[in-house]
file target.cif (mmCIF, C-alpha atoms)
data_coords
loop_
_atom_site.label_atom_id
_atom_site.label_comp_id
_atom_site.auth_asym_id
_atom_site.auth_seq_id
_atom_site.Cartn_x
_atom_site.Cartn_y
_atom_site.Cartn_z
CA ASP A 1 -55.46 3.32 -46.23
CA ALA A 2 -54.03 6.73 -47.08
CA LYS A 3 -54.03 9.44 -44.40
CA THR A 4 -56.53 12.27 -44.04
CA THR A 5 -56.23 15.57 -42.16
CA GLN A 6 -59.21 17.35 -40.60
CA PRO A 7 -59.54 20.31 -38.22
CA ASN A 8 -60.04 19.24 -34.62
CA SER A 9 -63.19 21.28 -34.14
CA MET A 10 -65.61 23.65 -35.85
CA GLU A 11 -68.63 25.70 -34.84
CA SER A 12 -71.73 26.61 -36.76
CA ASN A 13 -74.90 28.53 -36.07
CA GLU A 14 -78.14 26.62 -36.32
CA GLU A 15 -79.88 26.87 -39.71
CA GLU A 16 -76.66 27.93 -41.48
CA PRO A 17 -74.63 25.83 -43.94
CA VAL A 18 -71.52 24.03 -42.69
CA HIS A 19 -68.47 23.17 -44.77
CA LEU A 20 -66.27 20.50 -43.20
CA PRO A 21 -62.88 20.19 -44.96
CA CYS A 22 -60.67 17.15 -45.38
CA ASN A 23 -57.19 17.00 -46.90
CA HIS A 24 -55.91 13.79 -48.45
CA SER A 25 -52.88 14.75 -50.51
CA THR A 26 -51.63 11.13 -50.85
CA ILE A 27 -54.92 9.76 -52.19
CA SER A 28 -54.58 7.06 -54.85
CA GLY A 29 -56.71 6.56 -57.93
CA THR A 30 -58.66 3.68 -56.35
CA ASP A 31 -59.42 5.42 -53.02
CA TYR A 32 -63.04 6.25 -52.31
CA ILE A 33 -63.74 9.17 -49.94
CA HIS A 34 -66.15 8.20 -47.15
CA TRP A 35 -67.69 10.38 -44.46
CA TYR A 36 -69.16 9.10 -41.20
CA ARG A 37 -70.37 10.92 -38.12
CA GLN A 38 -70.64 9.81 -34.52
CA LEU A 39 -72.95 11.24 -31.88
CA PRO A 40 -71.97 10.84 -28.21
CA SER A 41 -72.33 7.26 -26.95
CA GLN A 42 -73.57 6.01 -30.31
CA GLY A 43 -72.07 4.04 -33.17
CA PRO A 44 -70.78 5.86 -36.25
CA GLU A 45 -73.36 6.67 -38.91
CA TYR A 46 -72.59 6.62 -42.62
CA VAL A 47 -73.11 10.02 -44.26
CA ILE A 48 -71.90 9.92 -47.85
CA HIS A 49 -69.13 8.66 -50.14
CA GLY A 50 -67.72 9.37 -53.60
CA LEU A 51 -64.82 8.76 -55.96
CA THR A 52 -64.41 11.69 -58.34
CA SER A 53 -67.70 13.48 -58.92
CA ASN A 54 -69.62 15.55 -56.41
CA VAL A 55 -72.34 13.57 -54.64
CA ASN A 56 -75.63 14.53 -53.02
CA ASN A 57 -77.95 12.59 -50.73
CA ARG A 58 -80.64 13.43 -48.22
CA MET A 59 -78.12 14.06 -45.45
CA ALA A 60 -75.37 16.07 -47.12
CA SER A 61 -73.34 16.90 -50.20
CA LEU A 62 -69.75 15.90 -50.93
CA ALA A 63 -67.61 18.22 -53.01
CA ILE A 64 -64.40 16.65 -54.33
CA ALA A 65 -61.56 18.80 -55.65
CA GLU A 66 -60.55 18.26 -59.24
CA ASP A 67 -57.15 16.87 -58.20
CA ARG A 68 -58.87 14.78 -55.47
CA LYS A 69 -56.37 15.96 -52.85
CA SER A 70 -59.15 17.47 -50.75
CA SER A 71 -62.87 17.23 -50.23
CA THR A 72 -65.60 19.07 -48.34
CA LEU A 73 -68.66 17.72 -46.61
CA ILE A 74 -71.51 20.21 -46.84
CA LEU A 75 -74.44 20.24 -44.44
CA HIS A 76 -76.90 22.62 -46.05
CA ARG A 77 -78.72 23.75 -42.89
CA ALA A 78 -77.16 22.74 -39.60
CA THR A 79 -79.48 21.55 -36.85
CA LEU A 80 -78.72 20.75 -33.22
CA ARG A 81 -78.91 17.06 -34.14
CA ASP A 82 -75.94 17.53 -36.48
CA ALA A 83 -73.61 18.17 -33.53
CA ALA A 84 -71.22 15.20 -33.75
CA VAL A 85 -67.70 14.12 -34.62
CA TYR A 86 -67.30 13.87 -38.40
CA TYR A 87 -64.77 11.46 -39.87
CA CYS A 88 -63.28 11.59 -43.37
CA ILE A 89 -61.91 8.18 -44.41
CA LEU A 90 -60.28 6.84 -47.57
CA ARG A 91 -61.15 3.32 -48.72
CA ASP A 92 -58.87 1.58 -51.19
CA VAL A 93 -61.09 -1.00 -52.83
CA GLY A 94 -58.09 -2.68 -54.38
CA ALA A 95 -56.32 -3.38 -51.10
CA GLY A 96 -56.73 -6.37 -48.83
CA SER A 97 -57.63 -4.25 -45.84
CA TYR A 98 -61.27 -4.44 -44.85
CA GLN A 99 -61.34 -2.13 -41.89
CA LEU A 100 -62.31 1.51 -41.67
CA THR A 101 -59.45 3.56 -40.25
CA PHE A 102 -60.98 6.33 -38.17
CA GLY A 103 -58.78 9.25 -37.15
CA LYS A 104 -59.85 11.80 -34.54
CA GLY A 105 -62.23 13.61 -36.89
CA THR A 106 -63.76 17.08 -36.57
CA LYS A 107 -66.00 17.82 -33.62
CA LEU A 108 -68.85 20.01 -34.88
CA SER A 109 -70.68 22.18 -32.39
CA VAL A 110 -73.99 23.77 -33.43
CA ILE A 111 -74.98 26.97 -31.66
CA PRO A 112 -78.72 27.62 -31.21
CA ASP B 1 -86.86 -1.84 -39.49
CA GLY B 2 -83.58 -3.39 -40.67
CA GLY B 3 -80.49 -2.75 -38.62
CA ILE B 4 -77.82 -3.96 -36.26
CA THR B 5 -78.63 -4.73 -32.64
CA GLN B 6 -75.96 -4.88 -29.99
CA SER B 7 -76.63 -6.08 -26.48
CA PRO B 8 -76.28 -5.37 -23.71
CA LYS B 9 -75.79 -1.62 -23.83
CA TYR B 10 -73.70 -1.71 -20.62
CA LEU B 11 -71.71 -4.66 -19.29
CA PHE B 12 -69.53 -5.17 -16.24
CA ARG B 13 -66.79 -7.78 -16.00
CA LYS B 14 -65.18 -9.21 -12.93
CA GLU B 15 -61.50 -10.11 -12.85
CA GLY B 16 -60.83 -13.48 -14.51
CA GLN B 17 -64.25 -13.62 -16.14
CA ASN B 18 -65.10 -14.10 -19.81
CA VAL B 19 -68.00 -12.04 -21.17
CA THR B 20 -69.80 -12.23 -24.50
CA LEU B 21 -71.16 -9.26 -26.43
CA SER B 22 -74.00 -9.91 -28.82
CA CYS B 23 -74.33 -8.53 -32.37
CA GLU B 24 -77.30 -9.39 -34.58
CA GLN B 25 -78.18 -7.95 -38.00
CA ASN B 26 -81.25 -8.39 -40.20
CA LEU B 27 -79.79 -6.56 -43.19
CA ASN B 28 -78.73 -9.80 -44.93
CA HIS B 29 -75.16 -8.49 -45.01
CA ASP B 30 -72.32 -10.92 -45.62
CA ALA B 31 -69.50 -9.05 -43.85
CA MET B 32 -69.44 -8.23 -40.15
CA TYR B 33 -66.87 -6.42 -37.99
CA TRP B 34 -65.96 -5.77 -34.37
CA TYR B 35 -64.21 -2.54 -33.37
CA ARG B 36 -62.98 -1.16 -30.10
CA GLN B 37 -63.08 2.57 -29.28
CA ASP B 38 -61.23 4.13 -26.35
CA PRO B 39 -62.14 7.63 -25.06
CA GLY B 40 -61.25 10.39 -27.54
CA GLN B 41 -59.81 7.89 -30.00
CA GLY B 42 -60.74 6.40 -33.35
CA LEU B 43 -61.91 2.82 -33.92
CA ARG B 44 -59.55 -0.17 -33.95
CA LEU B 45 -60.47 -3.45 -35.65
CA ILE B 46 -60.63 -6.56 -33.46
CA TYR B 47 -62.03 -9.24 -35.81
CA TYR B 48 -63.94 -9.36 -39.07
CA SER B 49 -65.88 -11.99 -41.00
CA GLN B 50 -66.53 -11.90 -44.73
CA ILE B 51 -68.74 -15.01 -44.78
CA VAL B 52 -70.37 -17.55 -42.48
CA ASN B 53 -67.93 -19.94 -40.74
CA ASP B 54 -64.94 -17.77 -41.61
CA PHE B 55 -63.30 -14.88 -39.74
CA GLN B 56 -59.93 -13.11 -39.56
CA LYS B 57 -58.01 -11.25 -36.88
CA GLY B 58 -57.80 -7.49 -37.00
CA ASP B 59 -55.15 -5.26 -35.45
CA ILE B 60 -55.95 -5.98 -31.79
CA ALA B 61 -57.34 -9.55 -31.66
CA GLU B 62 -55.33 -10.71 -28.62
CA GLY B 63 -57.62 -11.49 -25.68
CA TYR B 64 -60.75 -11.69 -27.86
CA SER B 65 -62.55 -14.49 -29.71
CA VAL B 66 -65.45 -14.62 -32.15
CA SER B 67 -67.69 -17.09 -33.97
CA ARG B 68 -69.79 -16.81 -37.13
CA GLU B 69 -72.14 -19.78 -37.20
CA LYS B 70 -75.03 -17.82 -38.69
CA LYS B 71 -75.09 -14.97 -41.19
CA GLU B 72 -77.09 -12.77 -38.81
CA SER B 73 -74.92 -13.21 -35.73
CA PHE B 74 -71.31 -12.35 -34.85
CA PRO B 75 -70.77 -12.56 -31.07
CA LEU B 76 -67.55 -11.29 -29.47
CA THR B 77 -66.09 -12.88 -26.33
CA VAL B 78 -63.77 -10.77 -24.20
CA THR B 79 -61.60 -13.29 -22.39
CA SER B 80 -59.73 -12.97 -19.12
CA ALA B 81 -56.55 -12.69 -21.22
CA GLN B 82 -57.62 -9.19 -22.29
CA LYS B 83 -56.04 -7.16 -19.49
CA ASN B 84 -57.51 -3.79 -20.40
CA PRO B 85 -61.04 -4.50 -21.63
CA THR B 86 -62.70 -1.26 -20.54
CA ALA B 87 -63.86 0.36 -23.79
CA PHE B 88 -66.77 1.02 -26.12
CA TYR B 89 -67.31 -1.94 -28.47
CA LEU B 90 -68.92 -1.45 -31.87
CA CYS B 91 -70.25 -4.02 -34.30
CA ALA B 92 -70.72 -3.24 -38.00
CA SER B 93 -71.86 -4.99 -41.15
CA ARG B 94 -71.49 -4.41 -44.88
CA THR B 95 -72.78 -5.78 -48.14
CA GLY B 96 -71.35 -5.45 -51.60
CA GLY B 97 -67.82 -4.36 -52.48
CA ASN B 98 -65.13 -2.88 -50.28
CA ASN B 99 -66.17 0.64 -51.28
CA GLN B 100 -69.64 0.20 -49.78
CA PRO B 101 -70.38 1.77 -46.39
CA GLN B 102 -70.42 -0.08 -43.10
CA HIS B 103 -73.50 0.08 -40.90
CA PHE B 104 -72.93 0.25 -37.15
CA GLY B 105 -74.83 -0.78 -34.05
CA ASP B 106 -75.18 1.49 -31.02
CA GLY B 107 -72.36 -0.18 -29.13
CA THR B 108 -71.73 -1.93 -25.82
CA ARG B 109 -69.84 -0.14 -23.07
CA LEU B 110 -67.75 -2.64 -21.07
CA SER B 111 -66.31 -1.79 -17.67
CA ILE B 112 -64.30 -3.68 -15.07
CA LEU B 113 -65.71 -4.18 -11.58
#
call {"tool": "encode", "arguments": {"input": "target.cif", "output": "structure tokens"}}
result
Amino acid sequence: DAKTTQPNSMESNEEEPVHLPCNHSTISGTDYIHWYRQLPSQGPEYVIHGLTSNVNNRMASLAIAEDRKSSTLILHRATLRDAAVYYCILRDVGAGSYQLTFGKGTKLSVIP
Amino acid sequence: DGGITQSPKYLFRKEGQNVTLSCEQNLNHDAMYWYRQDPGQGLRLIYYSQIVNDFQKGDIAEGYSVSREKKESFPLTVTSAQKNPTAFYLCASRTGGNNQPQHFGDGTRLSIL
């Protein structure tokens, strides 16, 4: 899978929106952009995924740049329960690889 | 509720001992995965199974074994050949195409006595 780059850490105040960036300049046309998050001592939790268009679900929104070389995960109102490590992952559906390649992600701290 | 159940939550292994980690899902998913996570690191794939009675090695399969006799179950055995087994082990499952998300259990933390 192609590589992604995320900031090591970010902070947000509770109740404010959070924009988590991800760069993926080598993305291919068949790569889907997936976001997961992991709370301490828990398994990763799927957040959202998309290919080209912006996506919304009950947890978050995903904004994808027109050239697809970057994307942003948007949490509309951060809560203390959103404090986690957020992973941006590319999935090439055409490749034989079946695993998710997790990097180090962005550790989000939420300040009360 | 549908989901993935891993047990036990904590497990201790003595030197030379094999231990088996349980993973059960009631999501009716075809594909199942085992990952290992070391402190401050991402996940590494140990084994995966796309269908019952079939499984493939991932990047770090040495010292581990699996079976897939039932769709719902994908147990992982950590053998005595795995010299550094202390880690957080995560099981996941997926249905549909490769672009579909994986659903994870809450993990088993294995330590050496």
call {"tool": "resolve_selection", "arguments": {"input": "target.cif", "expression": "the PyMOL selection byres ((chain B) within 10 of (chain A))", "output": "JSON list (two decimals) with C-alpha atoms, in the frame of the given file"}}
result
[["chain", "number", "residue", "atom", "x", "y", "z"],
["B", 31, "ALA", "CA", -69.50, -9.05, -43.85],
["B", 33, "TYR", "CA", -66.87, -6.42, -37.99],
["B", 34, "TRP", "CA", -65.96, -5.77, -34.37],
["B", 35, "TYR", "CA", -64.21, -2.54, -33.37],
["B", 37, "GLN", "CA", -63.08, 2.57, -29.28],
["B", 40, "GLY", "CA", -61.25, 10.39, -27.54],
["B", 41, "GLN", "CA", -59.81, 7.89, -30.00],
["B", 42, "GLY", "CA", -60.74, 6.40, -33.35],
["B", 43, "LEU", "CA", -61.91, 2.82, -33.92],
["B", 44, "ARG", "CA", -59.55, -0.17, -33.95],
["B", 45, "LEU", "CA", -60.47, -3.45, -35.65],
["B", 46, "ILE", "CA", -60.63, -6.56, -33.46],
["B", 47, "TYR", "CA", -62.03, -9.24, -35.81],
["B", 48, "TYR", "CA", -63.94, -9.36, -39.07],
["B", 49, "SER", "CA", -65.88, -11.99, -41.00],
["B", 50, "GLN", "CA", -66.53, -11.90, -44.73],
["B", 58, "GLY", "CA", -57.80, -7.49, -37.00],
["B", 59, "ASP", "CA", -55.15, -5.26, -35.45],
["B", 88, "PHE", "CA", -66.77, 1.02, -26.12],
["B", 89, "TYR", "CA", -67.31, -1.94, -28.47],
["B", 90, "LEU", "CA", -68.92, -1.45, -31.87],
["B", 91, "CYS", "CA", -70.25, -4.02, -34.30],
["B", 92, "ALA", "CA", -70.72, -3.24, -38.00],
["B", 97, "GLY", "CA", -67.82, -4.36, -52.48],
["B", 98, "ASN", "CA", -65.13, -2.88, -50.28],
["B", 99, "ASN", "CA", -66.17, 0.64, -51.28],
["B", 100, "GLN", "CA", -69.64, 0.20, -49.78],
["B", 101, "PRO", "CA", -70.38, 1.77, -46.39],
["B", 102, "GLN", "CA", -70.42, -0.08, -43.10],
["B", 103, "HIS", "CA", -73.50, 0.08, -40.90],
["B", 104, "PHE", "CA", -72.93, 0.25, -37.15],
["B", 105, "GLY", "CA", -74.83, -0.78, -34.05],
["B", 106, "ASP", "CA", -75.18, 1.49, -31.02],
["B", 107, "GLY", "CA", -72.36, -0.18, -29.13],
["B", 108, "THR", "CA", -71.73, -1.93, -25.82],
["B", 109, "ARG", "CA", -69.84, -0.14, -23.07]]
call {"tool": "atom_distance", "arguments": {"input": "target.cif", "atom1": "CA of Gly16 (chain B)", "atom2": "CA of Ala87 (chain B)"}}
result
16.9 Å
call {"tool": "atom_distance", "arguments": {"input": "target.cif", "atom1": "CA of Asp82 (chain A)", "atom2": "CA of Ser61 (chain A)"}}
result
14.0 Å
call {"tool": "residues_around", "arguments": {"input": "target.cif", "residues": "Ser73 (chain B)", "least_positions_apart": "3", "cutoff": "12 Å", "atoms": "only C-alpha atoms", "output": "mmCIF file with C-alpha atoms, in the coordinates of the input"}}
result
data_model
loop_
_atom_site.group_PDB
_atom_site.id
_atom_site.type_symbol
_atom_site.label_atom_id
_atom_site.label_comp_id
_atom_site.auth_asym_id
_atom_site.auth_seq_id
_atom_site.Cartn_x
_atom_site.Cartn_y
_atom_site.Cartn_z
ATOM 1 C CA ILE B 4 -77.820 -3.960 -36.260
ATOM 2 C CA THR B 5 -78.630 -4.730 -32.640
ATOM 3 C CA GLN B 6 -75.960 -4.880 -29.990
ATOM 4 C CA SER B 7 -76.630 -6.080 -26.480
ATOM 5 C CA LEU B 21 -71.160 -9.260 -26.430
ATOM 6 C CA SER B 22 -74.000 -9.910 -28.820
ATOM 7 C CA CYS B 23 -74.330 -8.530 -32.370
ATOM 8 C CA GLU B 24 -77.300 -9.390 -34.580
ATOM 9 C CA GLN B 25 -78.180 -7.950 -38.000
ATOM 10 C CA ASN B 26 -81.250 -8.390 -40.200
ATOM 11 C CA LEU B 27 -79.790 -6.560 -43.190
ATOM 12 C CA ASN B 28 -78.730 -9.800 -44.930
ATOM 13 C CA HIS B 29 -75.160 -8.490 -45.010
ATOM 14 C CA ASP B 30 -72.320 -10.920 -45.620
ATOM 15 C CA ALA B 31 -69.500 -9.050 -43.850
ATOM 16 C CA MET B 32 -69.440 -8.230 -40.150
ATOM 17 C CA TYR B 33 -66.870 -6.420 -37.990
ATOM 18 C CA TRP B 34 -65.960 -5.770 -34.370
ATOM 19 C CA SER B 49 -65.880 -11.990 -41.000
ATOM 20 C CA ILE B 51 -68.740 -15.010 -44.780
ATOM 21 C CA VAL B 52 -70.370 -17.550 -42.480
ATOM 22 C CA ASN B 53 -67.930 -19.940 -40.740
ATOM 23 C CA VAL B 66 -65.450 -14.620 -32.150
ATOM 24 C CA SER B 67 -67.690 -17.090 -33.970
ATOM 25 C CA ARG B 68 -69.790 -16.810 -37.130
ATOM 26 C CA GLU B 69 -72.140 -19.780 -37.200
ATOM 27 C CA LYS B 70 -75.030 -17.820 -38.690
ATOM 28 C CA LEU B 76 -67.550 -11.290 -29.470
ATOM 29 C CA CYS B 91 -70.250 -4.020 -34.300
ATOM 30 C CA ALA B 92 -70.720 -3.240 -38.000
ATOM 31 C CA SER B 93 -71.860 -4.990 -41.150
#
call {"tool": "residues_around", "arguments": {"input": "target.cif", "residues": "Ser70 (chain A)", "least_positions_apart": "2", "cutoff": "10 Å", "atoms": "all atoms listed in the file", "output": "CSV table (one decimal) with C-alpha atoms, in the frame of the given file"}}
result
chain,number,residue,atom,x,y,z
A,4,THR,CA,-56.5,12.3,-44.0
A,5,THR,CA,-56.2,15.6,-42.2
A,21,PRO,CA,-62.9,20.2,-45.0
A,22,CYS,CA,-60.7,17.2,-45.4
A,23,ASN,CA,-57.2,17.0,-46.9
A,24,HIS,CA,-55.9,13.8,-48.4
A,25,SER,CA,-52.9,14.8,-50.5
A,26,THR,CA,-51.6,11.1,-50.8
A,27,ILE,CA,-54.9,9.8,-52.2
A,33,ILE,CA,-63.7,9.2,-49.9
A,63,ALA,CA,-67.6,18.2,-53.0
A,64,ILE,CA,-64.4,16.6,-54.3
A,65,ALA,CA,-61.6,18.8,-55.6
A,66,GLU,CA,-60.6,18.3,-59.2
A,67,ASP,CA,-57.2,16.9,-58.2
A,68,ARG,CA,-58.9,14.8,-55.5
A,72,THR,CA,-65.6,19.1,-48.3
call {"tool": "resolve_selection", "arguments": {"input": "target.cif", "expression": "the PyMOL selection byres ((chain A and resi 15) around 8)", "output": "list in words"}}
result
Asn13, Glu14, Glu16, Pro17, Arg77, Ala78 and Thr79 of chain A
call {"tool": "residues_around", "arguments": {"input": "target.cif", "residues": "Lys14 (chain B)", "least_positions_apart": "5", "cutoff": "10 Å", "atoms": "all atoms listed in the file", "output": "MDAnalysis selection string"}}
result
chainID B and resid 19 80 111:113
call {"tool": "atom_distance", "arguments": {"input": "target.cif", "atom1": "CA of Ser71 (chain A)", "atom2": "CA of Ser9 (chain A)"}}
result
16.6 Å
call {"tool": "residues_around", "arguments": {"input": "target.cif", "residues": "Leu108 (chain A)", "least_positions_apart": "3", "cutoff": "10 Å", "atoms": "only C-alpha atoms", "output": "list in words"}}
result
Pro7, Asn8, Ser9, Met10, Glu11, Ser12, Val18, Leu20, Arg37, Ala78, Asp82, Ala83, Ala84, Val85, Tyr86, Gly105 and Ile111 of chain A
call {"tool": "write_last_selection", "arguments": {"input": "target.cif", "atoms": "C-alpha atoms", "output": "mmCIF file, in the coordinates of the input"}}
result
data_model
loop_
_atom_site.group_PDB
_atom_site.id
_atom_site.type_symbol
_atom_site.label_atom_id
_atom_site.label_comp_id
_atom_site.auth_asym_id
_atom_site.auth_seq_id
_atom_site.Cartn_x
_atom_site.Cartn_y
_atom_site.Cartn_z
ATOM 1 C CA PRO A 7 -59.540 20.310 -38.220
ATOM 2 C CA ASN A 8 -60.040 19.240 -34.620
ATOM 3 C CA SER A 9 -63.190 21.280 -34.140
ATOM 4 C CA MET A 10 -65.610 23.650 -35.850
ATOM 5 C CA GLU A 11 -68.630 25.700 -34.840
ATOM 6 C CA SER A 12 -71.730 26.610 -36.760
ATOM 7 C CA VAL A 18 -71.520 24.030 -42.690
ATOM 8 C CA LEU A 20 -66.270 20.500 -43.200
ATOM 9 C CA ARG A 37 -70.370 10.920 -38.120
ATOM 10 C CA ALA A 78 -77.160 22.740 -39.600
ATOM 11 C CA ASP A 82 -75.940 17.530 -36.480
ATOM 12 C CA ALA A 83 -73.610 18.170 -33.530
ATOM 13 C CA ALA A 84 -71.220 15.200 -33.750
ATOM 14 C CA VAL A 85 -67.700 14.120 -34.620
ATOM 15 C CA TYR A 86 -67.300 13.870 -38.400
ATOM 16 C CA GLY A 105 -62.230 13.610 -36.890
ATOM 17 C CA ILE A 111 -74.980 26.970 -31.660
#
call {"tool": "residues_around", "arguments": {"input": "target.cif", "residues": "Glu15 (chain B)", "least_positions_apart": "2", "cutoff": "12 Å", "atoms": "all atoms listed in the file", "output": "compact mmCIF listing (two decimals) with C-alpha atoms, in the frame of the given file"}}
result
# COMPACT_ATOMS: atom_id res chain seq x y z
CA PHE B 12 -69.53 -5.17 -16.24
CA ARG B 13 -66.79 -7.78 -16.00
CA GLN B 17 -64.25 -13.62 -16.14
CA ASN B 18 -65.10 -14.10 -19.81
CA VAL B 19 -68.00 -12.04 -21.17
CA VAL B 78 -63.77 -10.77 -24.20
CA THR B 79 -61.60 -13.29 -22.39
CA SER B 80 -59.73 -12.97 -19.12
CA ALA B 81 -56.55 -12.69 -21.22
CA GLN B 82 -57.62 -9.19 -22.29
CA LYS B 83 -56.04 -7.16 -19.49
CA ASN B 84 -57.51 -3.79 -20.40
CA PRO B 85 -61.04 -4.50 -21.63
CA THR B 86 -62.70 -1.26 -20.54
CA SER B 111 -66.31 -1.79 -17.67
CA ILE B 112 -64.30 -3.68 -15.07
CA LEU B 113 -65.71 -4.18 -11.58
call {"tool": "build_atoms", "arguments": {"input": "target.cif", "residues": "region 77-89 of chain A", "atoms": "N, CA, C and O atoms", "output": "PDB file, keeping the file's coordinate frame"}}
result
ATOM      1  N   ARG A  77     -78.126  22.949 -43.975  1.00  0.00           N
ATOM      2  CA  ARG A  77     -78.720  23.750 -42.890  1.00  0.00           C
ATOM      3  C   ARG A  77     -78.474  22.995 -41.594  1.00  0.00           C
ATOM      4  O   ARG A  77     -79.137  21.992 -41.337  1.00  0.00           O
ATOM      5  N   ALA A  78     -77.521  23.454 -40.811  1.00  0.00           N
ATOM      6  CA  ALA A  78     -77.160  22.740 -39.600  1.00  0.00           C
ATOM      7  C   ALA A  78     -78.302  22.772 -38.579  1.00  0.00           C
ATOM      8  O   ALA A  78     -78.933  23.815 -38.367  1.00  0.00           O
ATOM      9  N   THR A  79     -78.543  21.620 -37.961  1.00  0.00           N
ATOM     10  CA  THR A  79     -79.480  21.550 -36.850  1.00  0.00           C
ATOM     11  C   THR A  79     -78.723  21.075 -35.612  1.00  0.00           C
ATOM     12  O   THR A  79     -77.580  20.617 -35.707  1.00  0.00           O
ATOM     13  N   LEU A  80     -79.374  21.181 -34.464  1.00  0.00           N
ATOM     14  CA  LEU A  80     -78.720  20.750 -33.220  1.00  0.00           C
ATOM     15  C   LEU A  80     -78.375  19.266 -33.275  1.00  0.00           C
ATOM     16  O   LEU A  80     -77.413  18.815 -32.660  1.00  0.00           O
ATOM     17  N   ARG A  81     -79.164  18.502 -34.038  1.00  0.00           N
ATOM     18  CA  ARG A  81     -78.910  17.060 -34.140  1.00  0.00           C
ATOM     19  C   ARG A  81     -77.692  16.741 -34.999  1.00  0.00           C
ATOM     20  O   ARG A  81     -77.255  15.592 -35.047  1.00  0.00           O
ATOM     21  N   ASP A  82     -77.155  17.744 -35.674  1.00  0.00           N
ATOM     22  CA  ASP A  82     -75.940  17.530 -36.480  1.00  0.00           C
ATOM     23  C   ASP A  82     -74.668  17.668 -35.652  1.00  0.00           C
ATOM     24  O   ASP A  82     -73.566  17.446 -36.167  1.00  0.00           O
ATOM     25  N   ALA A  83     -74.793  18.060 -34.396  1.00  0.00           N
ATOM     26  CA  ALA A  83     -73.610  18.170 -33.530  1.00  0.00           C
ATOM     27  C   ALA A  83     -73.048  16.767 -33.287  1.00  0.00           C
ATOM     28  O   ALA A  83     -73.709  15.908 -32.705  1.00  0.00           O
ATOM     29  N   ALA A  84     -71.821  16.547 -33.784  1.00  0.00           N
ATOM     30  CA  ALA A  84     -71.220  15.200 -33.750  1.00  0.00           C
ATOM     31  C   ALA A  84     -69.756  15.321 -34.128  1.00  0.00           C
ATOM     32  O   ALA A  84     -69.276  16.396 -34.493  1.00  0.00           O
ATOM     33  N   VAL A  85     -69.056  14.184 -34.073  1.00  0.00           N
ATOM     34  CA  VAL A  85     -67.700  14.120 -34.620  1.00  0.00           C
ATOM     35  C   VAL A  85     -67.804  13.552 -36.028  1.00  0.00           C
ATOM     36  O   VAL A  85     -68.419  12.505 -36.238  1.00  0.00           O
ATOM     37  N   TYR A  86     -67.239  14.257 -36.997  1.00  0.00           N
ATOM     38  CA  TYR A  86     -67.300  13.870 -38.400  1.00  0.00           C
ATOM     39  C   TYR A  86     -65.948  13.319 -38.840  1.00  0.00           C
ATOM     40  O   TYR A  86     -64.918  13.949 -38.647  1.00  0.00           O
ATOM     41  N   TYR A  87     -65.976  12.137 -39.447  1.00  0.00           N
ATOM     42  CA  TYR A  87     -64.770  11.460 -39.870  1.00  0.00           C
ATOM     43  C   TYR A  87     -64.709  11.366 -41.393  1.00  0.00           C
ATOM     44  O   TYR A  87     -65.673  10.939 -42.032  1.00  0.00           O
ATOM     45  N   CYS A  88     -63.573  11.728 -41.940  1.00  0.00           N
ATOM     46  CA  CYS A  88     -63.280  11.590 -43.370  1.00  0.00           C
ATOM     47  C   CYS A  88     -62.323  10.406 -43.512  1.00  0.00           C
ATOM     48  O   CYS A  88     -61.268  10.377 -42.862  1.00  0.00           O
ATOM     49  N   ILE A  89     -62.673   9.432 -44.331  1.00  0.00           N
ATOM     50  CA  ILE A  89     -61.910   8.180 -44.410  1.00  0.00           C
ATOM     51  C   ILE A  89     -61.716   7.826 -45.880  1.00  0.00           C
ATOM     52  O   ILE A  89     -62.631   7.988 -46.694  1.00  0.00           O
TER      53      ILE A  89
END
